[in-house]
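S.K.: mmCIF, C-alpha atoms, saved as entry.cif, coming up:
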```cif
data_input
#
loop_
_atom_site.label_atom_id
_atom_site.label_comp_id
_atom_site.auth_asym_id
_atom_site.auth_seq_id
_atom_site.Cartn_x
_atom_site.Cartn_y
_atom_site.Cartn_z
CA MET A 1 105.48 119.23 128.37
CA GLU A 2 107.59 116.76 126.55
CA GLY A 3 106.60 113.19 125.74
CA PRO A 4 105.85 110.49 128.23
CA CYS A 5 109.44 109.26 128.56
CA PRO A 6 111.72 112.31 128.74
CA THR A 7 114.79 110.49 130.06
CA PRO A 8 115.99 106.89 130.02
CA ALA A 9 115.90 106.80 133.83
CA ALA A 10 112.32 107.97 133.89
CA ALA A 11 111.47 105.51 131.13
CA VAL A 12 112.84 102.63 133.16
CA LEU A 13 110.84 103.81 136.17
CA VAL A 14 107.69 104.13 134.11
CA ALA A 15 108.12 100.66 132.64
CA ALA A 16 108.75 99.20 136.07
CA LEU A 17 105.58 100.83 137.34
CA ALA A 18 103.63 99.80 134.28
CA VAL A 19 104.06 96.09 134.95
CA MET A 20 103.06 96.31 138.60
CA PRO A 21 99.35 95.48 138.88
CA SER A 22 98.77 98.15 141.51
CA GLY A 23 101.01 100.73 139.86
CA MET A 24 99.25 103.72 138.38
CA VAL A 25 101.09 106.28 136.30
CA ARG A 26 99.89 109.17 134.25
CA GLY A 27 100.77 109.38 130.62
CA ASP A 28 101.10 112.96 129.48
CA THR A 29 100.79 114.19 125.95
CA ALA A 30 99.95 117.59 124.59
CA ALA A 31 96.69 115.97 123.54
CA GLY A 32 95.66 115.15 127.08
CA ALA A 33 96.48 113.06 130.12
CA TYR A 34 95.39 109.47 130.67
CA ALA A 35 95.87 107.09 133.56
CA VAL A 36 97.75 103.86 133.01
CA VAL A 37 96.88 101.06 135.40
CA GLY A 38 98.91 97.90 134.94
CA ASP A 39 98.88 97.22 131.20
CA ALA A 40 95.70 99.19 130.52
CA VAL A 41 94.17 102.63 130.23
CA PRO A 42 90.84 101.73 131.85
CA ALA A 43 89.11 105.08 131.49
CA PRO A 44 87.89 106.24 128.06
CA LEU A 45 89.61 109.31 126.60
CA THR A 46 86.26 111.01 125.90
CA ALA A 47 82.99 111.42 127.73
CA ALA A 48 81.03 110.28 124.69
CA PRO A 49 81.20 106.52 124.06
CA GLY A 50 83.02 105.23 120.98
CA ASP A 51 81.05 104.16 117.93
CA PRO A 52 81.99 100.71 116.55
CA ALA A 53 80.78 101.45 113.02
CA ARG A 54 82.91 104.58 112.79
CA GLY A 55 85.77 102.62 114.37
CA ARG A 56 85.56 99.95 111.69
CA ALA A 57 85.79 102.58 108.96
CA ILE A 58 88.88 104.10 110.58
CA VAL A 59 90.54 100.69 110.95
CA LEU A 60 89.97 99.94 107.26
CA ASN A 61 91.11 103.38 106.05
CA ARG A 62 94.78 103.10 105.13
CA GLN A 63 95.31 106.88 105.16
CA VAL A 64 93.62 107.44 108.54
CA GLY A 65 93.86 104.41 110.82
CA LEU A 66 96.81 102.85 108.94
CA CYS A 67 96.03 99.59 110.81
CA LEU A 68 95.91 97.24 107.80
CA LEU A 69 99.34 98.28 106.60
CA CYS A 70 100.73 96.06 109.38
CA HIS A 71 97.77 94.06 110.76
CA SER A 72 95.44 91.55 109.17
CA GLY A 73 91.91 91.03 110.44
CA PRO A 74 88.48 89.58 109.71
CA PHE A 75 87.90 91.87 106.72
CA PRO A 76 87.49 89.55 103.72
CA GLU A 77 86.71 92.45 101.37
CA GLU A 78 90.12 94.04 102.02
CA ARG A 79 93.01 92.98 99.79
CA PHE A 80 96.66 93.37 100.75
CA GLN A 81 96.49 93.28 104.52
CA GLY A 82 99.80 93.52 106.40
CA GLU A 83 101.58 90.67 108.11
CA LEU A 84 103.94 92.59 110.39
CA ALA A 85 101.78 92.61 113.52
CA PRO A 86 99.29 90.39 115.36
CA ASP A 87 96.04 89.47 113.57
CA LEU A 88 93.14 91.56 114.89
CA ARG A 89 90.81 88.54 114.77
CA GLY A 90 89.59 87.82 118.31
CA VAL A 91 91.38 90.80 119.86
CA GLY A 92 88.19 91.68 121.76
CA ALA A 93 88.31 88.27 123.44
CA ARG A 94 92.03 88.42 124.22
CA LEU A 95 92.15 91.95 125.62
CA SER A 96 89.92 94.24 127.65
CA GLU A 97 88.91 97.65 126.29
CA GLY A 98 91.46 99.25 128.62
CA GLN A 99 94.23 96.95 127.40
CA ILE A 100 93.32 97.72 123.78
CA ARG A 101 93.32 101.44 124.60
CA LEU A 102 96.87 101.40 126.02
CA ARG A 103 98.11 99.46 122.99
CA ILE A 104 96.81 102.22 120.72
CA VAL A 105 97.63 105.21 122.91
CA GLU A 106 101.15 104.26 123.95
CA PRO A 107 102.27 100.76 122.89
CA GLY A 108 105.92 101.57 123.60
CA ARG A 109 105.14 101.31 127.27
CA LEU A 110 104.72 97.54 126.85
CA ASN A 111 107.39 96.98 124.20
CA ALA A 112 110.04 99.64 123.68
CA ALA A 113 111.10 98.10 120.35
CA THR A 114 107.60 98.03 118.85
CA ILE A 115 106.89 99.33 115.34
CA MET A 116 103.35 100.23 116.46
CA PRO A 117 103.06 104.04 116.53
CA ALA A 118 101.73 105.79 119.63
CA TYR A 119 98.45 107.16 118.30
CA PHE A 120 97.94 109.74 121.06
CA ARG A 121 101.34 111.36 121.35
CA THR A 122 102.91 114.57 120.11
CA GLY A 123 106.06 114.90 122.21
CA GLY A 124 109.46 113.23 122.07
CA LEU A 125 109.36 112.75 118.30
CA THR A 126 112.07 113.60 115.75
CA ARG A 127 111.71 115.43 112.41
CA VAL A 128 107.92 115.21 112.24
CA ALA A 129 106.72 116.48 108.84
CA PRO A 130 105.23 119.99 109.10
CA ALA A 131 101.72 118.81 108.21
CA PHE A 132 101.67 116.48 111.23
CA ARG A 133 103.64 118.55 113.76
CA GLY A 134 101.88 118.93 117.12
CA LYS A 135 99.12 116.54 116.03
CA THR A 136 98.32 113.06 117.27
CA VAL A 137 97.89 110.30 114.68
CA LEU A 138 94.22 110.02 115.70
CA THR A 139 91.99 112.15 117.92
CA ALA A 140 90.71 110.94 121.29
CA GLY A 141 87.27 110.40 119.71
CA GLN A 142 88.71 108.33 116.84
CA ILE A 143 90.65 106.19 119.30
CA GLU A 144 87.50 105.54 121.32
CA ASP A 145 85.71 104.55 118.09
CA ILE A 146 88.46 102.04 117.32
CA VAL A 147 88.47 100.65 120.87
CA ALA A 148 84.71 100.17 120.65
CA PHE A 149 85.06 98.38 117.31
CA LEU A 150 88.00 96.14 118.24
CA ALA A 151 86.17 95.07 121.42
CA THR A 152 83.48 93.57 119.17
CA LEU A 153 86.01 91.24 117.46
CA LYS A 154 85.35 88.34 119.80
CA ASP A 155 86.30 85.42 117.54
CA MET B 1 105.70 79.56 103.63
CA SER B 2 107.79 81.95 101.66
CA ALA B 3 107.63 84.64 104.34
CA ARG B 4 111.01 85.09 105.93
CA ARG B 5 112.30 87.42 108.51
CA GLY B 6 115.74 88.55 109.44
CA GLY B 7 117.14 89.38 112.81
CA ARG B 8 116.16 88.17 116.19
CA PRO B 9 112.83 87.16 117.72
CA LEU B 10 111.55 90.58 118.77
CA PRO B 11 108.53 89.73 120.90
CA ALA B 12 110.51 87.47 123.22
CA LEU B 13 113.24 90.04 123.65
CA ALA B 14 110.72 92.80 124.21
CA ALA B 15 108.94 90.76 126.84
CA ALA B 16 112.24 90.20 128.61
CA CYS B 17 112.94 93.93 128.48
CA VAL B 18 109.61 94.77 130.08
CA VAL B 19 110.12 92.20 132.83
CA LEU B 20 113.58 93.53 133.55
CA GLY B 21 112.45 97.12 133.36
CA PHE B 22 114.62 98.06 130.38
CA THR B 23 112.94 100.21 127.80
CA GLN B 24 115.99 101.07 125.70
CA ALA B 25 115.94 98.89 122.63
CA ALA B 26 119.19 97.16 121.76
CA PRO B 27 120.60 98.31 118.42
CA ALA B 28 119.45 96.08 115.59
CA ALA B 29 121.85 93.54 114.23
CA GLU B 30 123.22 93.98 110.74
CA ILE B 31 121.93 91.40 108.25
CA PRO B 32 124.52 88.59 108.03
CA SER B 33 126.45 88.64 104.78
CA ALA B 34 125.05 85.29 103.57
CA GLU B 35 121.45 86.48 104.08
CA ARG B 36 121.74 89.71 102.11
CA ARG B 37 119.43 89.84 99.10
CA SER B 38 118.91 92.44 96.41
CA GLY B 39 115.44 93.87 95.98
CA TYR B 40 115.56 92.06 92.63
CA GLU B 41 115.07 88.75 94.42
CA PHE B 42 111.79 89.93 95.99
CA MET B 43 110.29 90.93 92.62
CA SER B 44 107.89 89.00 90.41
CA ARG B 45 109.33 86.99 87.53
CA GLU B 46 107.81 89.48 85.08
CA THR B 47 109.51 92.49 86.68
CA ARG B 48 112.84 90.67 86.86
CA ALA B 49 112.55 89.81 83.17
CA MET B 50 111.84 93.47 82.41
CA GLN B 51 115.09 94.48 84.13
CA ASP B 52 117.16 91.73 82.56
CA ASP B 53 116.35 92.47 78.93
CA ASP B 54 117.54 95.76 77.42
CA ALA B 55 114.69 95.48 74.93
CA THR B 56 112.14 95.76 77.77
CA ASN B 57 114.01 97.70 80.48
CA PRO B 58 112.46 101.19 80.22
CA ALA B 59 115.60 102.75 81.74
CA VAL B 60 117.40 102.07 78.46
CA LEU B 61 115.73 105.20 77.03
CA TRP B 62 117.60 107.25 79.64
CA LEU B 63 120.84 105.41 78.85
CA LEU B 64 120.64 106.53 75.22
CA ASP B 65 120.16 110.15 76.33
CA GLY B 66 123.00 109.75 78.80
CA GLU B 67 125.37 108.54 76.12
CA ALA B 68 124.48 111.53 73.94
CA LEU B 69 125.09 113.91 76.86
CA TRP B 70 128.42 112.25 77.59
CA ASN B 71 129.60 113.10 74.09
CA ARG B 72 128.04 116.59 73.82
CA LYS B 73 130.21 119.68 74.36
CA ASP B 74 128.79 121.88 77.07
CA GLY B 75 129.57 124.93 79.21
CA ALA B 76 131.90 127.91 78.71
CA ALA B 77 134.83 125.51 78.27
CA GLY B 78 133.08 123.89 75.30
CA ARG B 79 134.14 120.47 76.48
CA ALA B 80 132.35 117.13 76.59
CA CYS B 81 132.75 114.48 79.31
CA ALA B 82 134.30 112.31 76.60
CA ASP B 83 136.99 114.95 75.87
CA CYS B 84 138.62 114.21 79.24
CA HIS B 85 137.32 110.73 80.10
CA GLY B 86 137.23 109.13 76.65
CA ASN B 87 135.00 106.11 76.28
CA ALA B 88 132.81 105.78 79.38
CA ARG B 89 132.57 102.02 78.86
CA ALA B 90 136.20 101.83 79.90
CA SER B 91 136.85 104.93 81.97
CA MET B 92 133.68 104.83 84.09
CA LYS B 93 133.86 101.12 84.85
CA GLY B 94 133.36 100.74 88.61
CA ALA B 95 132.83 104.46 89.29
CA ALA B 96 129.25 104.08 90.53
CA ALA B 97 130.22 101.07 92.65
CA ARG B 98 132.65 103.32 94.56
CA HIS B 99 130.24 106.21 95.29
CA PRO B 100 129.55 108.04 97.54
CA ALA B 101 133.30 108.67 97.63
CA TRP B 102 135.61 111.17 99.29
CA ASP B 103 135.91 114.53 97.55
CA ALA B 104 138.85 116.65 98.64
CA ALA B 105 137.32 119.93 97.46
CA ALA B 106 134.06 119.31 99.30
CA GLY B 107 135.86 117.90 102.33
CA ARG B 108 133.30 115.12 102.55
CA PRO B 109 131.91 112.18 100.57
CA VAL B 110 129.85 113.07 97.50
CA ASN B 111 127.44 110.90 95.55
CA LEU B 112 127.60 110.22 91.83
CA GLU B 113 125.21 113.05 90.91
CA GLN B 114 127.29 115.51 92.92
CA ARG B 115 130.51 114.23 91.32
CA ILE B 116 129.02 114.79 87.87
CA ASN B 117 127.93 118.31 88.77
CA ALA B 118 131.33 119.10 90.30
CA CYS B 119 132.94 118.02 87.03
CA ARG B 120 130.51 120.19 85.09
CA ALA B 121 131.36 123.22 87.23
CA GLY B 122 135.11 122.67 87.30
CA ARG B 123 135.93 121.23 83.87
CA GLN B 124 133.08 122.31 81.61
CA GLN B 125 132.26 125.59 83.37
CA ALA B 126 128.64 124.60 82.97
CA ALA B 127 125.65 125.13 85.26
CA PRO B 128 124.80 122.21 87.53
CA LEU B 129 122.04 119.88 86.40
CA ALA B 130 119.06 119.91 88.77
CA TYR B 131 118.44 116.89 90.98
CA GLU B 132 115.93 114.50 89.37
CA SER B 133 116.13 116.36 86.05
CA ARG B 134 116.02 114.11 83.01
CA ASP B 135 119.57 115.09 82.01
CA LEU B 136 121.15 114.39 85.42
CA LEU B 137 119.32 111.07 85.73
CA ALA B 138 120.32 110.12 82.18
CA LEU B 139 123.99 110.97 82.65
CA THR B 140 124.09 109.27 86.06
CA ALA B 141 122.38 106.16 84.69
CA TYR B 142 124.84 106.02 81.78
CA VAL B 143 127.82 106.25 84.13
CA ALA B 144 126.27 103.78 86.60
CA ARG B 145 125.55 101.32 83.75
CA GLN B 146 129.30 100.87 83.35
CA SER B 147 129.41 99.27 86.84
CA ARG B 148 126.72 96.71 86.12
CA GLY B 149 127.73 93.31 87.48
CA MET B 150 130.58 94.72 89.52
CA PRO B 151 130.64 94.43 93.33
CA VAL B 152 129.80 97.47 95.45
CA ASP B 153 133.21 98.71 96.59
CA ILE B 154 132.93 101.40 99.28
CA ALA B 155 136.25 102.20 100.89
CA ILE B 156 135.98 103.44 104.44
CA ASP B 157 139.00 105.22 105.87
CA LYS B 158 139.74 107.74 108.58
CA ARG B 159 138.24 110.55 106.47
CA THR B 160 134.99 108.82 105.52
CA LYS B 161 134.34 106.95 108.79
CA PRO B 162 132.57 109.86 110.58
CA PHE B 163 130.20 110.23 107.62
CA LEU B 164 129.50 106.49 107.56
CA ASP B 165 128.71 106.66 111.29
CA ALA B 166 126.39 109.62 110.74
CA GLY B 167 124.57 107.68 108.02
CA ARG B 168 124.24 104.65 110.26
CA ASP B 169 122.85 106.86 113.04
CA THR B 170 120.20 108.18 110.65
CA PHE B 171 119.30 104.62 109.63
CA MET B 172 118.86 103.62 113.28
CA ARG B 173 117.01 106.78 114.42
CA ARG B 174 113.26 106.77 114.91
CA GLN B 175 111.72 109.63 112.94
CA GLY B 176 108.42 111.23 112.06
CA GLN B 177 104.95 111.12 113.56
CA LEU B 178 104.91 107.32 113.20
CA ASN B 179 108.24 107.16 115.06
CA LEU B 180 109.84 104.51 112.87
CA ALA B 181 113.50 103.84 112.07
CA CYS B 182 114.75 102.43 108.75
CA THR B 183 116.34 99.52 110.61
CA GLN B 184 113.02 98.31 112.03
CA CYS B 185 111.68 97.40 108.61
CA HIS B 186 114.82 96.78 106.58
CA ASP B 187 116.98 94.90 109.12
CA GLU B 188 114.23 93.23 111.15
CA LEU B 189 111.15 92.74 108.98
CA TRP B 190 112.45 92.26 105.44
CA GLY B 191 110.67 89.58 103.45
CA ARG B 192 107.37 90.27 105.22
CA LYS B 193 104.44 92.24 103.83
CA LEU B 194 103.63 95.86 104.56
CA ALA B 195 100.10 95.89 103.17
CA GLY B 196 100.65 94.29 99.73
CA SER B 197 104.36 95.01 99.38
CA THR B 198 107.24 92.80 100.41
CA ILE B 199 109.73 94.78 102.50
CA PRO B 200 113.17 94.56 100.89
CA GLN B 201 116.51 94.85 102.67
CA ALA B 202 117.21 98.31 101.25
CA HIS B 203 120.38 97.61 99.28
CA PRO B 204 120.77 100.46 96.76
CA THR B 205 122.49 98.40 94.08
CA GLY B 206 120.43 99.53 91.09
CA TYR B 207 120.15 103.33 91.17
CA PRO B 208 119.17 105.36 89.34
CA LEU B 209 116.32 102.94 88.62
CA TYR B 210 112.99 102.72 86.86
CA ARG B 211 110.09 102.31 89.28
CA LEU B 212 106.80 101.11 87.86
CA GLU B 213 105.12 103.18 90.60
CA TRP B 214 106.88 106.33 89.35
CA GLN B 215 106.54 105.50 85.67
CA GLY B 216 110.01 106.93 85.39
CA LEU B 217 113.64 106.90 86.42
CA GLY B 218 114.57 108.22 89.87
CA SER B 219 117.47 108.48 92.28
CA LEU B 220 118.06 106.79 95.60
CA GLN B 221 117.31 110.09 97.32
CA ARG B 222 113.90 110.21 95.67
CA ARG B 223 113.23 106.73 97.06
CA LEU B 224 114.45 107.76 100.52
CA ARG B 225 112.08 110.73 100.42
CA ASN B 226 109.19 108.33 99.73
CA CYS B 227 110.06 106.28 102.81
CA LEU B 228 110.43 109.36 105.03
CA THR B 229 107.11 110.72 103.80
CA GLY B 230 105.49 107.39 104.68
CA MET B 231 106.92 107.68 108.19
CA ARG B 232 105.43 111.20 108.28
CA ALA B 233 108.93 112.59 108.74
CA GLU B 234 110.26 115.72 107.09
CA PRO B 235 112.40 114.59 104.15
CA TYR B 236 115.87 116.08 103.75
CA PRO B 237 116.35 118.31 100.70
CA PHE B 238 117.94 116.66 97.63
CA GLY B 239 121.71 116.68 98.02
CA ALA B 240 121.57 117.29 101.79
CA PRO B 241 124.61 115.97 103.66
CA GLU B 242 122.33 113.76 105.78
CA PHE B 243 121.09 112.05 102.61
CA VAL B 244 124.60 111.51 101.22
CA ASP B 245 125.74 110.07 104.56
CA LEU B 246 122.75 107.71 104.51
CA GLU B 247 123.62 106.73 100.91
CA LEU B 248 127.18 106.04 102.04
CA TYR B 249 125.96 103.80 104.86
CA LEU B 250 123.52 101.94 102.60
CA MET B 251 126.17 101.34 99.93
CA TRP B 252 128.69 100.20 102.55
CA ARG B 253 125.99 97.92 103.98
CA ALA B 254 125.63 96.43 100.46
CA ARG B 255 129.40 96.09 99.99
CA GLY B 256 130.28 93.19 97.72
CA MET B 257 126.78 92.91 96.24
CA LYS B 258 126.44 93.21 92.46
CA MET B 259 125.54 96.53 90.84
CA GLU B 260 122.37 96.36 88.70
CA SER B 261 122.05 99.94 87.45
CA PRO B 262 119.77 100.87 85.90
CA ALA B 263 117.45 98.44 87.69
CA VAL B 264 113.67 98.05 87.54
CA ARG B 265 111.57 97.95 90.71
CA PRO B 266 107.84 97.75 91.38
#
```
Would you put the structure from the file into structure tokens?
M.R.:
Amino acid sequence: MEGPCPTPAAAVLVAALAVMPSGMVRGDTAAGAYAVVGDAVPAPLTAAPGDPARGRAIVLNRQVGLCLLCHSGPFPEERFQGELAPDLRGVGARLSEGQIRLRIVEPGRLNAATIMPAYFRTGGLTRVAPAFRGKTVLTAGQIEDIVAFLATLKD
Amino acid sequence: MSARRGGRPLPALAAACVVLGFTQAAPAAEIPSAERRSGYEFMSRETRAMQDDDATNPAVLWLLDGEALWNRKDGAAGRACADCHGNARASMKGAAARHPAWDAAAGRPVNLEQRINACRAGRQQAAPLAYESRDLLALTAYVARQSRGMPVDIAIDKRTKPFLDAGRDTFMRRQGQLNLACTQCHDELWGRKLAGSTIPQAHPTGYPLYRLEWQGLGSLQRRLRNCLTGMRAEPYPFGAPEFVDLELYLMWRARGMKMESPAVRP
């Protein structure tokens, strides 16, 4: 299977569905399928619950999570945080876990022009370096860890 | 605040796209001429001072080697660059500002390194110098030095236009596992911080240049490889046509800006 938006026509359809509250579409990646409902992926990607402490470590790791290259957040010990994307402070109050999950898994569904990578995608990409070919940026378990951590950022 | 951004307000546009059901992003706008800024302007005062003074610019060491190579006989023809071109300070004035430039033998634009190697093969009957070798960087820096202060002067005509377009397409194309395009950072987000680094506009006015990060001199293609690696994309090989086309687009995009070679960058 190719990526979630194989043709422009399908992409338009998917986006139209994605903004309808009752619309439910399936995102397909080689890594696994997930259900998009409105602007969220309500169901976790793994049976095991995410671990916030592991999630925090991934968010802060600039080689793994990559988050702080673009985002800032409530991490006073971290120097040189990015300013290209929304501050992660309070994200757990602004968004539900499902909304956070979609924004990590497939942010292009909400904003086609976004610089935020799709962390759970392997298809529809161009010239991926050999070391990363066929791999998602993070595993389903790592994404659940991050979702669990970000949900704790209430203020 | 000193943070600036170019281009249009992305979030608002994106929201409109979602509402309307469009997911195809509009092509990014080129940076208006009056807003173009060299990477020099984003540097600290200390790094700018290092570039400005030949006593502190580390690239000067390569310039001295380059001058020696210019005057040294080489190859089966036993000829030096100077034997045909005379004094580089006069004959090479503006050469770097015009490259990549059309090459009839190659049937496509070539960059300055390729022009030097073509001259070595044809006139000196000498082996090509390897990309990123000290000798090729030194000779290229010495030639490029003779364009310092001159405006970038890329001539686009019927022959070079398809290559310019190919370079622009590469600049606009999302690539790699992180699915980023050059234009997203360098047209839309310049002046803002990626982690600790200010994103420049990507005007290649100072190559080959000394990067503090490299602790050495390097070409534009070396810098492009760094960016592609960061996007987790497969870099093109040195000298690949895709890279030269991208160089052509970047130089055309910087047309009229002042050459700084050999520059210093963080």
S.K.: Just need the residues of chain A within 7 Å of chain B, counting all atoms listed in the file, so spit them out as a list in words.
M.R.: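 Here is what falls inside 7 Å: Ala11, Val12, Ala15, Ala16, Leu68, Leu69, Cys70, Phe80, Gln81, Gly82, Glu83, Leu84, Leu110, Asn111, Ala112, Ala113, Ile115, Pro117, Leu125, Thr126, Arg127, Val128, Ala129, Pro130 and Phe132 of chain A.
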S.K.: Running the PyMOL selection byres ((chain A and resi 92-94) around 12) on this model by hand, what would come out? Give it as a list of chain:residue names.
M.R.: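 What the PyMOL selection byres ((chain A and resi 92-94) around 12) grabs from the file is A:Gly73, A:Pro86, A:Asp87, A:Leu88, A:Arg89, A:Gly90, A:Val91, A:Leu95, A:Ser96, A:Glu97, A:Gly98, A:Gln99, A:Ile100, A:Arg101, A:Ile146, A:Val147, A:Ala148, A:Phe149, A:Leu150, A:Ala151, A:Thr152, A:Leu153, A:Lys154, A:Asp155.
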S.K.: So how many Å separate CA of Arg98 in chain B and CA of Gly206 in chain B, to one decimal?
M.R.: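 So the two atoms, CA of Arg98 in chain B and CA of Gly206 in chain B, lie 13.3 Å apart.
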S.K.: Identify, on the basis of all atoms listed in the file, every residue whose closest approach to Gly141 in chain A does not exceed 12 Å; exclude the query and any residue fewer than 5 positions from it along the same chain; express the result as a PyMOL selection string.
M.R.: chain A and resi 31+44-52+54-55+58+101+119-120+136+146-148
S.K.: Show which residues sit within 8 Å of Gly216 in chain B, as a count of residues only. Count only C-alpha atoms, and ignore same-chain residues fewer than 5 positions away.
M.R.: 3
S.K.: Which neighbours of range 126-135 of chain B fall inside 6 Å, counting all atoms listed in the file, when residues of the same chain fewer than 3 positions from it are skipped, and could you give them as number ranges by chain?
M.R.: B: 75, 117, 120-121, 138
S.K.: In Å to one decimal, how far is CA of Met257 in chain B from CA of Val60 in chain B?
M.R.: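 Between CA of Val60 in chain B and CA of Met257 in chain B the gap is 22.1 Å.
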S.K.: Taking every listed atom of range 35-42 of chain A and adding 3 Å to each side, what centre and edge lengths in Å (one decimal) does the axis-aligned box have, as AutoDock Vina command-line options?
M.R.:
```
--center_x 94.9 --center_y 102.2 --center_z 132.8 --size_x 14.1 --size_y 15.9 --size_z 11.2
```
S.K.: Hey, can you check how far CA of Asp245 in chain B sits from CA of His186 in chain B?
M.R.: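 For CA of Asp245 in chain B relative to CA of His186 in chain B, the distance reads 17.3 Å.
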S.K.: Given all atoms listed in the file as the basis, pick out the residue of B:Arg45, B:Arg108, B:Lys73, B:Arg222 nearest to Leu248 in chain B.
M.R.: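 Ranking B:Arg45, B:Arg108, B:Lys73, B:Arg222 by distance to Leu248 in chain B, first place goes to B:Arg108.
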S.K.: Contacts of Phe243 in chain B at 8 Å or less, counting all atoms listed in the file, minus same-chain residues fewer than 4 places along, as a PDB file with C-alpha atoms, in the frame of the given file?
M.R.:
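The result, stored in around.pdb:
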```pdb
ATOM      1  CA  GLY B 167     124.570 107.680 108.020  1.00  0.00           C
ATOM      2  CA  GLN B 221     117.310 110.090  97.320  1.00  0.00           C
ATOM      3  CA  TYR B 236     115.870 116.080 103.750  1.00  0.00           C
ATOM      4  CA  PHE B 238     117.940 116.660  97.630  1.00  0.00           C
ATOM      5  CA  GLY B 239     121.710 116.680  98.020  1.00  0.00           C
ATOM      6  CA  GLU B 247     123.620 106.730 100.910  1.00  0.00           C
TER       7      GLU B 247
END
```
S.K.: So which residues touch Tyr207 in chain B within 10 Å, counting only C-alpha atoms, skipping near sequence neighbours fewer than 4 positions away, as a list in words?
M.R.: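 Returned residues: Ala96, Leu137, Thr140, Ala141, Ala144, Arg145, His203, Leu217, Gly218, Ser219, Leu220, Gln221, Arg223, Met259, Glu260, Ser261, Pro262, Ala263 and Val264 of chain B.
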S.K.: For the selection you just gave me, I'd like the residues written to a file as a compact mmCIF listing (two decimals), keeping the file's coordinate frame, keeping C-alpha atoms.
M.R.:
```
# COMPACT_ATOMS: atom_id res chain seq x y z
CA ALA B 96 129.25 104.08 90.53
CA LEU B 137 119.32 111.07 85.73
CA THR B 140 124.09 109.27 86.06
CA ALA B 141 122.38 106.16 84.69
CA ALA B 144 126.27 103.78 86.60
CA ARG B 145 125.55 101.32 83.75
CA HIS B 203 120.38 97.61 99.28
CA LEU B 217 113.64 106.90 86.42
CA GLY B 218 114.57 108.22 89.87
CA SER B 219 117.47 108.48 92.28
CA LEU B 220 118.06 106.79 95.60
CA GLN B 221 117.31 110.09 97.32
CA ARG B 223 113.23 106.73 97.06
CA MET B 259 125.54 96.53 90.84
CA GLU B 260 122.37 96.36 88.70
CA SER B 261 122.05 99.94 87.45
CA PRO B 262 119.77 100.87 85.90
CA ALA B 263 117.45 98.44 87.69
CA VAL B 264 113.67 98.05 87.54
```
S.K.: So which residues get picked by the PyMOL selection byres ((chain B and resi 81-90) around 7) here, written as a list in words?
M.R.: Trp70, Asn71, Arg79, Ala80, Ser91, Met92, Lys93, Val143 and Gln146 of chain B
S.K.: Hey, what comes out of the PyMOL selection byres ((chain B and resi 64-67) around 6) on this file? Could you write it as a list in words?
M.R.: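 Applied to this file, the PyMOL selection byres ((chain B and resi 64-67) around 6) selects Leu61, Trp62, Leu63, Ala68, Leu69, Trp70, Ala138, Leu139 and Tyr142 of chain B.
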S.K.: Restricting the calculation to only C-alpha atoms, which member of B:Val244, B:Met50, B:Leu209, B:Ala97 is positioned closest to Thr160 in chain B?
M.R.: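 The answer is B:Val244, which sits nearest to Thr160 in chain B.
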S.K.: Using all atoms listed in the file, which of B:Ala77, B:Glu213, B:Thr170, B:Thr56 sits nearest Gly122 in chain B?
M.R.: B:Ala77
S.K.: What does range 116-122 of chain A look like written to a file with N, CA, C and O atoms, as a short mmCIF file (atom, residue, chain, number, x, y, z; two decimals), in the first residue's frame?
M.R.:
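Once everything was written out, this is part-v3.cif:
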```
data_model
loop_
_atom_site.label_atom_id
_atom_site.label_comp_id
_atom_site.auth_asym_id
_atom_site.auth_seq_id
_atom_site.Cartn_x
_atom_site.Cartn_y
_atom_site.Cartn_z
N MET A 116 5.58 19.90 10.13
CA MET A 116 5.59 18.79 11.09
C MET A 116 5.61 17.47 10.34
O MET A 116 4.73 17.20 9.53
N PRO A 117 6.62 16.63 10.58
CA PRO A 117 6.65 15.33 9.89
C PRO A 117 5.52 14.42 10.38
O PRO A 117 5.05 14.57 11.51
N ALA A 118 5.10 13.50 9.53
CA ALA A 118 4.17 12.45 9.94
C ALA A 118 5.01 11.36 10.58
O ALA A 118 5.83 10.73 9.90
N TYR A 119 4.82 11.14 11.88
CA TYR A 119 5.72 10.24 12.60
C TYR A 119 5.39 8.77 12.42
O TYR A 119 6.14 7.91 12.89
N PHE A 120 4.25 8.47 11.74
CA PHE A 120 3.84 7.07 11.64
C PHE A 120 3.50 6.76 10.19
O PHE A 120 2.44 6.26 9.87
N ARG A 121 4.44 7.09 9.31
CA ARG A 121 4.19 6.98 7.88
C ARG A 121 5.43 6.46 7.20
O ARG A 121 6.54 6.83 7.56
N THR A 122 5.24 5.59 6.22
CA THR A 122 6.38 5.14 5.42
C THR A 122 6.15 5.33 3.93
O THR A 122 7.09 5.30 3.15
#
```
